[in-house]
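Working notes, beginning with the structure itself.
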Amino acid sequence: MRQYIVDAFTDELFKGNTAAVCILDRWIDDLLMQNVAKENNFSETAFAVKEGGAYHLRWFTPGGEIDFCGHATLAAAYVIENYTEPGCGEIKFHTMSGEIPVKASGGLFEMDFPRYHLNEVAVTDKMTQAIGIRPLAAYLDRDLLLVVDSEEAVFNLNPNQLAMKELDGLCIAVTAKGSQYDCVSRVFAPELDVPEDPVTGSTHCMIVPYWAKRLNQNRITAFQASARTGVLYAELKDDRVKISGKAVLFGIADIL
């Protein structure tokens with residue numbers, strides 16, 4: 001089985017979010033896919049099988065399979081566009097979150113994702129304990145979005161991982177208005193054995209609608225301020241969020 005290691009949401013090696021991608025001729029056992037993800041110990045390992053004119057795509061964290069992942073979708077599209085079907089231009093993925101079309105053009109991969117909803121919830125002491133400062137507002141869908149008062153607060157976060165596990169939401173995102181970018185964020189997923197996710201496409205399906213409304217603009221350039229950093233170019237269109245990013249190959253290996 002051939003595995004590609006890709007840094008997503010960046011065009012520089014050792015930045016962005018690393019994903020492993022395996023394009024398979026047929027599905028292998030779920031336990032084997034999970035063990036490969038654990039062995040890789042990246043935030044995500046993606047597996048895809050071509051079915052007709054589209055690919056069935058699945059995502060595994062070290063802690064289990066999840067329903068949606070942005071950066072590993074970008075990485076899978078990058079591998080297909082550059083190695084599996086060079087120059088194909090458009091790719092359709094069938095996933096647990098529905099159909100995700102991807103367009104490749106000029107080094108950018110534009111992914112068409114479902115938006116998350118901004119269900120406002122009360123700010124709690126548990127949230128303050130988890131991130132070390134009191135949020136200005138909180139919103140819940142699959143993930144929990146916490147809004148803070150400055151990008152410096154986002155950059156300087158030192159969250160309590162045990163307290164994070166007590167919060168609702170698969171991922172915990174902390175965001176603020178940016179100076180060089182429209183918004184900045186950091187994302188944590190302790191429930192998935194991912195203390196901090198370097199760049200998170202899926203959670204921006206919640207971050208982008210928030211800042212689009214707050215800034216009264218549909219196009220958002222977002223910066224994820226992890227140690228690796230990453231940039232996402234997004235557009236809100238009705239109930240969809242189009243997120244674009246770049247990717248770069250780190251390596252190729254034959255495993256198993």
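Residues are named by chain letter and number: chains run A, B, ... in the order of the structure tokens, numbers start at 1 in each chain, and ligands are numbered from 1 in the order shown.
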Write down as a compact mmCIF listing (two decimals) with all heavy atoms, in the first residue's frame the residues of range 46-95 of chain A whose backbone DSSP state falls under alpha helix (DSSP H).
# COMPACT_ATOMS: atom_id res chain seq x y z
N GLY A 70 -11.09 18.70 6.87
CA GLY A 70 -10.74 19.57 5.76
C GLY A 70 -9.34 19.37 5.22
O GLY A 70 -9.14 19.20 4.02
N HIS A 71 -8.33 19.37 6.12
CA HIS A 71 -6.96 19.35 5.60
C HIS A 71 -6.62 18.02 4.94
O HIS A 71 -5.86 17.98 3.97
CB HIS A 71 -5.96 19.69 6.72
CG HIS A 71 -5.54 18.56 7.58
ND1 HIS A 71 -6.29 18.11 8.66
CD2 HIS A 71 -4.44 17.75 7.54
CE1 HIS A 71 -5.67 17.11 9.24
NE2 HIS A 71 -4.56 16.87 8.59
N ALA A 72 -7.19 16.91 5.44
CA ALA A 72 -6.92 15.62 4.81
C ALA A 72 -7.68 15.48 3.49
O ALA A 72 -7.26 14.73 2.61
CB ALA A 72 -7.28 14.48 5.76
N THR A 73 -8.80 16.19 3.33
CA THR A 73 -9.49 16.25 2.04
C THR A 73 -8.61 16.98 1.03
O THR A 73 -8.45 16.54 -0.12
CB THR A 73 -10.84 16.96 2.18
OG1 THR A 73 -11.64 16.26 3.14
CG2 THR A 73 -11.58 17.00 0.85
N LEU A 74 -8.04 18.11 1.46
CA LEU A 74 -7.12 18.84 0.59
C LEU A 74 -5.94 17.96 0.21
O LEU A 74 -5.54 17.90 -0.96
CB LEU A 74 -6.65 20.11 1.31
CG LEU A 74 -5.94 21.20 0.49
CD1 LEU A 74 -5.90 22.50 1.27
CD2 LEU A 74 -4.52 20.81 0.09
N ALA A 75 -5.38 17.26 1.19
CA ALA A 75 -4.23 16.39 0.92
C ALA A 75 -4.58 15.28 -0.05
O ALA A 75 -3.81 14.96 -0.96
CB ALA A 75 -3.71 15.81 2.24
N ALA A 76 -5.77 14.68 0.11
CA ALA A 76 -6.20 13.61 -0.81
C ALA A 76 -6.38 14.16 -2.21
O ALA A 76 -5.99 13.52 -3.20
CB ALA A 76 -7.49 12.99 -0.30
N ALA A 77 -6.99 15.35 -2.33
CA ALA A 77 -7.16 15.96 -3.65
C ALA A 77 -5.80 16.26 -4.28
O ALA A 77 -5.61 16.06 -5.50
CB ALA A 77 -7.98 17.24 -3.52
N TYR A 78 -4.85 16.73 -3.49
CA TYR A 78 -3.50 17.02 -3.99
C TYR A 78 -2.86 15.74 -4.55
O TYR A 78 -2.25 15.76 -5.63
CB TYR A 78 -2.65 17.58 -2.85
CG TYR A 78 -1.19 17.75 -3.19
CD1 TYR A 78 -0.72 18.94 -3.77
CD2 TYR A 78 -0.28 16.73 -2.95
CE1 TYR A 78 0.62 19.09 -4.10
CE2 TYR A 78 1.06 16.88 -3.27
CZ TYR A 78 1.50 18.05 -3.84
OH TYR A 78 2.84 18.19 -4.17
N VAL A 79 -3.00 14.63 -3.84
CA VAL A 79 -2.39 13.36 -4.29
C VAL A 79 -3.06 12.90 -5.59
O VAL A 79 -2.37 12.49 -6.54
CB VAL A 79 -2.52 12.30 -3.19
CG1 VAL A 79 -2.16 10.91 -3.72
CG2 VAL A 79 -1.63 12.65 -2.00
Report as a PyMOL selection string: the residues of range 61-215 of chain A with a DSSP assignment of strand (DSSP E), based on the backbone of this structure. chain A and resi 61+64-66+90-95+98-105+108-114+119-121+137-140+144-147+172-177+183-189+194-197
Save out the residues we just selected, C-alpha atoms, as a PDB file, in the first residue's frame.
ATOM      1  CA  THR A  61      -7.466  10.213  13.698  1.00  0.00           C
ATOM      2  CA  GLY A  64     -10.888   6.948  15.778  1.00  0.00           C
ATOM      3  CA  GLU A  65     -12.736   7.642  12.543  1.00  0.00           C
ATOM      4  CA  ILE A  66     -14.417  11.048  12.203  1.00  0.00           C
ATOM      5  CA  GLU A  90     -11.975  18.318 -10.557  1.00  0.00           C
ATOM      6  CA  ILE A  91     -12.525  15.592  -7.969  1.00  0.00           C
ATOM      7  CA  LYS A  92     -15.671  14.452  -6.199  1.00  0.00           C
ATOM      8  CA  PHE A  93     -15.507  12.798  -2.802  1.00  0.00           C
ATOM      9  CA  HIS A  94     -18.326  10.818  -1.217  1.00  0.00           C
ATOM     10  CA  THR A  95     -18.002  11.085   2.564  1.00  0.00           C
ATOM     11  CA  GLY A  98     -22.064  14.140   1.981  1.00  0.00           C
ATOM     12  CA  GLU A  99     -20.529  14.924  -1.391  1.00  0.00           C
ATOM     13  CA  ILE A 100     -17.488  17.208  -1.363  1.00  0.00           C
ATOM     14  CA  PRO A 101     -16.372  18.554  -4.742  1.00  0.00           C
ATOM     15  CA  VAL A 102     -12.834  19.904  -5.124  1.00  0.00           C
ATOM     16  CA  LYS A 103     -11.457  22.075  -7.927  1.00  0.00           C
ATOM     17  CA  ALA A 104      -7.718  22.355  -8.550  1.00  0.00           C
ATOM     18  CA  SER A 105      -6.407  25.467 -10.248  1.00  0.00           C
ATOM     19  CA  LEU A 108      -4.977  26.080  -5.041  1.00  0.00           C
ATOM     20  CA  PHE A 109      -7.534  23.437  -4.126  1.00  0.00           C
ATOM     21  CA  GLU A 110     -11.049  24.793  -3.589  1.00  0.00           C
ATOM     22  CA  MET A 111     -13.236  22.533  -1.448  1.00  0.00           C
ATOM     23  CA  ASP A 112     -16.997  22.953  -1.166  1.00  0.00           C
ATOM     24  CA  PHE A 113     -18.069  22.125   2.390  1.00  0.00           C
ATOM     25  CA  PRO A 114     -21.331  22.242   4.349  1.00  0.00           C
ATOM     26  CA  ASN A 119     -25.888  28.028  18.000  1.00  0.00           C
ATOM     27  CA  GLU A 120     -25.033  30.499  20.758  1.00  0.00           C
ATOM     28  CA  VAL A 121     -24.541  28.986  24.204  1.00  0.00           C
ATOM     29  CA  ALA A 137     -19.097  34.492  23.353  1.00  0.00           C
ATOM     30  CA  ALA A 138     -19.518  30.788  22.641  1.00  0.00           C
ATOM     31  CA  TYR A 139     -21.214  28.829  19.845  1.00  0.00           C
ATOM     32  CA  LEU A 140     -21.844  25.093  19.499  1.00  0.00           C
ATOM     33  CA  LEU A 144     -17.300  24.536  20.092  1.00  0.00           C
ATOM     34  CA  LEU A 145     -16.309  28.043  18.983  1.00  0.00           C
ATOM     35  CA  LEU A 146     -15.002  30.438  21.655  1.00  0.00           C
ATOM     36  CA  VAL A 147     -14.522  34.098  20.729  1.00  0.00           C
ATOM     37  CA  ILE A 172     -12.546  23.394  20.581  1.00  0.00           C
ATOM     38  CA  ALA A 173     -11.759  26.476  18.496  1.00  0.00           C
ATOM     39  CA  VAL A 174     -10.623  29.800  19.929  1.00  0.00           C
ATOM     40  CA  THR A 175     -10.805  32.783  17.566  1.00  0.00           C
ATOM     41  CA  ALA A 176     -10.327  36.548  17.403  1.00  0.00           C
ATOM     42  CA  LYS A 177     -10.216  39.292  14.795  1.00  0.00           C
ATOM     43  CA  CYS A 183      -9.375  36.289  11.701  1.00  0.00           C
ATOM     44  CA  VAL A 184      -6.994  34.089  13.652  1.00  0.00           C
ATOM     45  CA  SER A 185      -7.702  30.868  15.492  1.00  0.00           C
ATOM     46  CA  ARG A 186      -6.309  27.837  17.237  1.00  0.00           C
ATOM     47  CA  VAL A 187      -8.059  24.462  17.429  1.00  0.00           C
ATOM     48  CA  PHE A 188      -7.787  21.691  20.022  1.00  0.00           C
ATOM     49  CA  ALA A 189      -9.207  18.151  19.906  1.00  0.00           C
ATOM     50  CA  VAL A 194      -4.993  15.550  19.195  1.00  0.00           C
ATOM     51  CA  PRO A 195      -3.958  18.187  21.793  1.00  0.00           C
ATOM     52  CA  GLU A 196      -3.711  20.879  19.090  1.00  0.00           C
ATOM     53  CA  ASP A 197      -4.595  20.526  15.426  1.00  0.00           C
TER      54      ASP A 197
END
Using only C-alpha atoms, which protein or nucleic acid residues come within 12 Å of Lys38 in chain A? Drop anything in the same chain fewer than 4 positions from it, and give the result as a PyMOL selection string. chain A and resi 20+31-34+42-45+60-65+192-194
If we count only C-alpha atoms, what is near Thr18 in chain A at a cut-off of 7 Å, once residues fewer than 6 positions away on the same chain are taken out, given as a list in words? Ile5, Val6, Asp7, Ala8 and Phe42 of chain A
Correct to one decimal, the distance CA of Cys69 in chain A-CA of Leu215 in chain A is 25.7 Å
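Minimum atom-to-atom distances from A:Glu151, A:Gly178, A:Tyr83, A:Pro198 to Arg228 in chain A were compared using only C-alpha atoms, and the lowest value belongs to A:Pro198.
Counting from CA of Lys15 in chain A, the distance to CA of Ala222 in chain A is 15.2 Å.
Reported to one decimal place, the separation of CA of Ser244 in chain A from CA of Leu136 in chain A is 28.5 Å.
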